[in-house]
Amino acid sequence: MFWSRLKVFIIIIILANVVLAGQLAYLQLANNGQYRQEAESNLIRLPILLGTHRGSITDRNGIELAYDTPRFDVSMYYPFLAIEDNALLRRQAAREGTSAALLHQRLAPLWLDDAAFLARQADAMNMSVDDFRREMSDFWPKLSEAAGIPLEELDERRLEILERVHLIREAVRRAQGRRMIIREESYGTRSSIAHILKSDIDERTKAAVTAFRSRYGFLLVEQHARRSYPYGEMACHIVGYINETSVEEIGTSPLGAEAEPDELFDYRSGDDRGRSGIEASMEAALRGHRGKEQYDKSDRRLWREEPQPGQDVQLTIDSTLQLEVEAFLSRPPEMPAEGGVPRGAAVVIDIATGEILAMASTPRYNPNTLGSEYDQLIQPEAGNPFLHRALSAYDLGSIFKGVTATAALHEGKAGLQTQHTCMGQYDPRLPRFHCNNRSGHGTLDMVEAMRYSCNVYFYHLGAGLRTPKLAEWGRRFGFAQRTGIMLRGESAGKIDERTDPKNLAIGQGALLVTPLQAARFAAMLATGGRMTEVHLVRSPRPAAPKRIDMSLNQAYVSHVREMWAEVVSEQGGTGHRTVYSDRVSIAGKTGSAQNPHGPTHAWFVGFAPAENPQLAFAVFFENAGGGGTVAGPVAKQIVERALDLGLIVP
C-alpha cells in the first residue's frame, strides 16, 4: 500500500515538473519579445521631442510674408494645475449657471489623485497638506492680480488644459492597454511639459510673473516661437494662419509608444500647425521635423535624432502688386453706395510663366490679431472675410461668350461674318431669352456681337452648338476642374450639361466658375492655348508645372482676341468707357452675371497689352451690378499699376 501511494506521489511530482517546465519554455520562447519589451519599458522613459524651427514664407522677391519671432509665455506644470480647487468650481458654476455639485461631478476625473505628491509639495513649503491646498486655491487670484491676467481667462485656460491632458491620457491607456504616465502630466523629469497659461506676454507681465514665481517654482516664463505676419492682412488668404493642434488631431502620435507613424507624429500638446493658405498646404515642408532623444530611468541618454528645420517657401506673387490690387478691390471707383462692404476677388497671371503675380480677396482679416478679433469677423456685416473668393465658384455671365465664339469658329458653326438679327429677344414665344439691350441691336456679325455683348446673337450660336459641345469646350479651357495651385478649398466649379444651350452660350444657367479659372481662361486665349499651367509656389515644388497645348487653330483664337480688344478700344464696346487706357492697350470682356441669391455679379476678364499679351487677369465683385461699371475700372487700375511696376513692357 505504502509503495503504491509513493509511486502515485512520484508520478504527480513528475507531471507537475513537466507542466512547469513547459510553461517556462513557453514564457521564455513564445512570448520572449513581449515580456522583454514590457521589462525594458519599465526601465526606459518615453522619448523627448526636441524643438524645430518653422520655415518662412516669402514673395517672389524674397520679401518675408510670414516668419517666426521670439515670444514669452506664462507656463505651469500639470500637477499644480490639477489640484482640486473648490473656489474654481464656485466661480465656474456661477459663469455656467449650474450648481457646483454638478460641476464637481463633471470635473472629478480631471483632478489630481496623488496624496504622495501633495505631501511632498506641502513639506517643501513647510506647511500641512490642507494649508497647501488652500495656498494653491489662493494662488490663482494672486497670479491674476500680479500679472494683470483676468481670473476668468486663467480659469478657462486651466480647465481647457485639464481636459486636454485627460483626453490624451485616455487615448494612451486605450492604445497601450494599461495606464502610463504621459509627459503632459509629469513633473520633474527631462520630458515634462509645462502648459501655457498666457501666450505672448509683454515686458510688464514678464517682469511681474518673474517676481511672482520666486515663491512658486512651478510657474515659468518660457520662450517659444511666435508666427509673425509683417504685412498684416495683405495676402492673408494666400499665406494663411496657424493655431494650436487639437487633441483629436494628435491622438496618441506624440507619445512615442506604439502609435502608427503619420504626418502628426512630431506634434505634441500645445503645438501649432497651419490652418489655411500656404501655412496649411505646405505644413510638412514649413514645419520640418522635431528631433527626438530617449533616456533610461537613470537619466542616461540612449539615442538622439537631430531636429530638421522647416524649409522656406517662396511664392510667385509680387508683394507690391498684391498690395495695390487689394487696395483697388477695397475701394472700387464705381461701387454702388448701398453695396456695403465690397466683396470680391482679383487674379493676375504672368502669361509667359504661368506664375500668379497677385491673387486677392476682399474683405480680409489680419492673422496677427485673428484671435482677439474673431468674434467681430464672424458677424454678418463683416462680409465673411475668411472666404477666399478667388477660389470660390460664381455665376460667370458673358465672359463665357469667349468660349462660345471660339467653339463656333472651330466647329464650323459660324464665321466672323455670320449675321443674326437682334430685336431685343430671341423668340417672342420665349420671353426669358431676351437681350441685354431690350430694344435690340439690329443685324450684327460676330465681332459686333462680342463688342456689344449681344445675348440674342450668342443664343443663336448656342442653339447651333448644343450643350454637350459647349460644355466640352468649357472644360477644355479649364472650367469645372481645379487648377491645383496647392491651396486647400479651391472649388472645381460646375458645368451642367442639362443647361439650355442658349443659356450656357451667354454664361448663364448651371455654370459656376472661380476668378482663378476665369483668369486662366484669359491666359489661354492670350497664348492661343499654349502655356505653362498656373501655379503659386516657386519652391519647393513637388514637380515642374506642366505645359498646356490645346491644339487650337491659331487664326480662330487670334480672331477672338481681336474681338476682346474691340470690347475696350471701340466706341460702344461694353468696356470702352471704364477700361480704355491711353497708356496701355487692354483686351477683355465684361460680365454681368445673374444669380439666384441676390443682385448681379460684376466681372471683367482679359489680358494686356492687347497686341502683345503679357498679363492675364480677372476681376470679380459679388452682387455689385454691371461688369463694365464696377469691375472694369478696377481692371484698368491693375493693368496700369502693373505697367508702372515694370511687370508689363509696352
# chains A, B, ... in the order shown; residues from 1 in each chain; ligands from 1
$ closest_atom_pairs --of "region 526-551 of chain A" --to "region 612-636 of chain A" --cutoff "12 Å" --atoms "only C-alpha atoms" --output "Markdown table"
| residue | atom | partner | partner_atom | distance |
| --- | --- | --- | --- | --- |
| A:Ala526 | CA | A:Pro613 | CA | 6.0 |
| A:Thr527 | CA | A:Pro613 | CA | 7.7 |
| A:Gly528 | CA | A:Pro613 | CA | 10.7 |
| A:Met531 | CA | A:Gln614 | CA | 11.6 |
| A:Val534 | CA | A:Ala616 | CA | 10.9 |
$ residues_around --residues "region 269-281 of chain A" --least-positions-apart "5" --cutoff "10 Å" --atoms "only C-alpha atoms" --output "PyMOL selection string"
chain A and resi 54-57+66+161+164-165+168+183-184+193-196+225-227+235-247+250-251+254-255+264+286-287+313+315+386+388+485-489+536-537
$ select_by_dssp --residues "region 451-533 of chain A" --states "alpha helix (DSSP H)" --output "PyMOL selection string"
chain A and resi 451-452+455-465+467-476+501-505+515-527
$ closest_residue --among "A:Tyr78, A:Val209, A:Gly474, A:Leu65" --to "Ala146 (chain A)" --atoms "only C-alpha atoms"
A:Val209
$ atom_distance --atom1 "CA of Gly646 (chain A)" --atom2 "CA of Ala352 (chain A)"
14.6 Å
$ atom_distance --atom1 "CA of Leu647 (chain A)" --atom2 "CA of Thr532 (chain A)"
17.8 Å
$ closest_residue --among "A:Ala523, A:Leu396, A:Leu321, A:Val456" --to "Gln508 (chain A)" --atoms "only C-alpha atoms"
A:Leu396
$ select_by_dssp --residues "region 255-448 of chain A" --states "strand (DSSP E)" --output "number ranges by chain"
A: 272-274, 292-295, 301-305, 313-315, 344-350, 356-362, 394-395, 420-422, 442-444
$ write_last_selection --atoms "C-alpha atoms" --output "tab-separated table (two decimals), in the first residue's frame"
chain	number	residue	atom	x	y	z
A	272	ASP	CA	0.75	75.00	-33.63
A	273	ARG	CA	0.04	73.89	-37.18
A	274	GLY	CA	-1.11	75.56	-40.40
A	292	LYS	CA	13.99	63.05	-30.51
A	293	GLU	CA	16.10	61.67	-27.72
A	294	GLN	CA	15.49	58.91	-25.21
A	295	TYR	CA	16.81	58.34	-21.70
A	301	ARG	CA	20.82	59.06	-22.91
A	302	LEU	CA	20.23	56.05	-25.14
A	303	TRP	CA	19.94	57.75	-28.52
A	304	ARG	CA	19.33	61.12	-30.17
A	305	GLU	CA	17.82	62.12	-33.52
A	313	VAL	CA	8.55	78.55	-49.12
A	314	GLN	CA	8.85	81.08	-51.93
A	315	LEU	CA	5.67	82.19	-53.66
A	344	GLY	CA	-14.73	90.44	-54.49
A	345	ALA	CA	-11.53	88.98	-55.88
A	346	ALA	CA	-8.85	89.61	-58.47
A	347	VAL	CA	-6.19	87.37	-60.03
A	348	VAL	CA	-3.20	88.44	-62.14
A	349	ILE	CA	-1.16	85.84	-64.07
A	350	ASP	CA	2.19	86.16	-65.83
A	356	ILE	CA	0.33	84.06	-60.23
A	357	LEU	CA	1.55	87.60	-59.56
A	358	ALA	CA	-1.40	88.61	-57.40
A	359	MET	CA	-4.45	86.84	-56.06
A	360	ALA	CA	-6.56	88.98	-53.77
A	361	SER	CA	-9.85	88.56	-51.98
A	362	THR	CA	-11.85	91.13	-50.07
A	394	TYR	CA	-19.78	82.01	-59.02
A	395	ASP	CA	-22.09	82.54	-61.97
A	420	HIS	CA	-28.06	87.39	-86.82
A	421	THR	CA	-30.71	89.99	-86.16
A	422	CYS	CA	-31.43	91.13	-82.61
A	442	GLY	CA	-30.29	95.12	-85.17
A	443	THR	CA	-28.29	92.92	-87.54
A	444	LEU	CA	-24.76	92.09	-86.32
$ residues_around --residues "region 128-145 of chain A" --least-positions-apart "4" --cutoff "7 Å" --atoms "only C-alpha atoms" --output "JSON, numbers by chain"
{"A": [85, 87, 118, 119, 122, 149, 150, 151]}
$ atom_distance --atom1 "CA of Gly288 (chain A)" --atom2 "CA of Ser228 (chain A)"
17.9 Å
$ closest_residue --among "A:Ala208, A:Val557, A:Leu197, A:Met180" --to "Leu154 (chain A)" --atoms "only C-alpha atoms"
A:Leu197
$ residues_around --residues "Tyr580 (chain A)" --least-positions-apart "4" --cutoff "7 Å" --atoms "only C-alpha atoms" --output "PyMOL selection string"
chain A and resi 568-569+576+586
$ closest_residue --among "A:Gly509, A:Gly440, A:Gly217, A:Gly412" --to "Ser398 (chain A)" --atoms "only C-alpha atoms"
A:Gly509
$ closest_residue --among "A:Tyr77, A:Phe477, A:Phe400, A:Tyr459" --to "Gly424 (chain A)" --atoms "only C-alpha atoms"
A:Tyr459
$ decode --residues "region 604-626 of chain A" --atoms "N, CA and C atoms" --output "tab-separated table (two decimals), in the first residue's frame"
chain	number	residue	atom	x	y	z
A	604	PHE	N	-14.88	91.49	-64.92
A	604	PHE	CA	-14.13	91.90	-66.11
A	604	PHE	C	-12.90	91.00	-66.18
A	605	VAL	N	-12.74	90.34	-67.35
A	605	VAL	CA	-11.68	89.36	-67.53
A	605	VAL	C	-10.94	89.70	-68.82
A	606	GLY	N	-9.61	89.65	-68.80
A	606	GLY	CA	-8.90	89.99	-70.02
A	606	GLY	C	-7.40	89.81	-69.92
A	607	PHE	N	-6.69	90.52	-70.82
A	607	PHE	CA	-5.23	90.44	-70.86
A	607	PHE	C	-4.69	91.76	-71.40
A	608	ALA	N	-3.38	91.97	-71.20
A	608	ALA	CA	-2.73	93.20	-71.66
A	608	ALA	C	-1.23	92.95	-71.84
A	609	PRO	N	-0.60	93.71	-72.74
A	609	PRO	CA	-1.20	94.56	-73.78
A	609	PRO	C	-1.97	93.71	-74.80
A	610	ALA	N	-2.94	94.31	-75.42
A	610	ALA	CA	-3.81	93.56	-76.31
A	610	ALA	C	-3.05	92.95	-77.48
A	611	GLU	N	-2.08	93.70	-78.03
A	611	GLU	CA	-1.37	93.23	-79.21
A	611	GLU	C	-0.18	92.32	-78.86
A	612	ASN	N	0.25	92.34	-77.59
A	612	ASN	CA	1.38	91.53	-77.15
A	612	ASN	C	1.13	91.09	-75.71
A	613	PRO	N	0.23	90.15	-75.51
A	613	PRO	CA	-0.21	89.83	-74.15
A	613	PRO	C	0.92	89.36	-73.23
A	614	GLN	N	0.97	89.95	-72.04
A	614	GLN	CA	1.97	89.58	-71.04
A	614	GLN	C	1.32	89.22	-69.69
A	615	LEU	N	0.20	89.85	-69.41
A	615	LEU	CA	-0.54	89.56	-68.19
A	615	LEU	C	-1.97	89.18	-68.54
A	616	ALA	N	-2.51	88.21	-67.81
A	616	ALA	CA	-3.94	87.92	-67.88
A	616	ALA	C	-4.53	88.18	-66.50
A	617	PHE	N	-5.80	88.52	-66.46
A	617	PHE	CA	-6.38	88.91	-65.18
A	617	PHE	C	-7.88	88.64	-65.17
A	618	ALA	N	-8.42	88.60	-63.96
A	618	ALA	CA	-9.86	88.52	-63.75
A	618	ALA	C	-10.18	89.38	-62.53
A	619	VAL	N	-11.24	90.17	-62.65
A	619	VAL	CA	-11.72	90.99	-61.54
A	619	VAL	C	-13.19	90.66	-61.33
A	620	PHE	N	-13.55	90.43	-60.08
A	620	PHE	CA	-14.90	89.99	-59.76
A	620	PHE	C	-15.42	90.72	-58.52
A	621	PHE	N	-16.71	91.12	-58.57
A	621	PHE	CA	-17.38	91.68	-57.39
A	621	PHE	C	-18.72	90.99	-57.22
A	622	GLU	N	-18.95	90.55	-56.02
A	622	GLU	CA	-20.16	89.80	-55.68
A	622	GLU	C	-21.34	90.76	-55.50
A	623	ASN	N	-22.45	90.48	-56.21
A	623	ASN	CA	-23.70	91.24	-56.05
A	623	ASN	C	-23.47	92.75	-56.19
A	624	ALA	N	-22.69	93.15	-57.20
A	624	ALA	CA	-22.28	94.56	-57.29
A	624	ALA	C	-22.84	95.31	-58.49
A	625	GLY	N	-23.46	94.61	-59.45
A	625	GLY	CA	-24.01	95.31	-60.59
A	625	GLY	C	-23.30	94.96	-61.89
A	626	GLY	N	-23.18	95.92	-62.80
A	626	GLY	CA	-22.63	95.69	-64.13
A	626	GLY	C	-21.12	95.48	-64.13
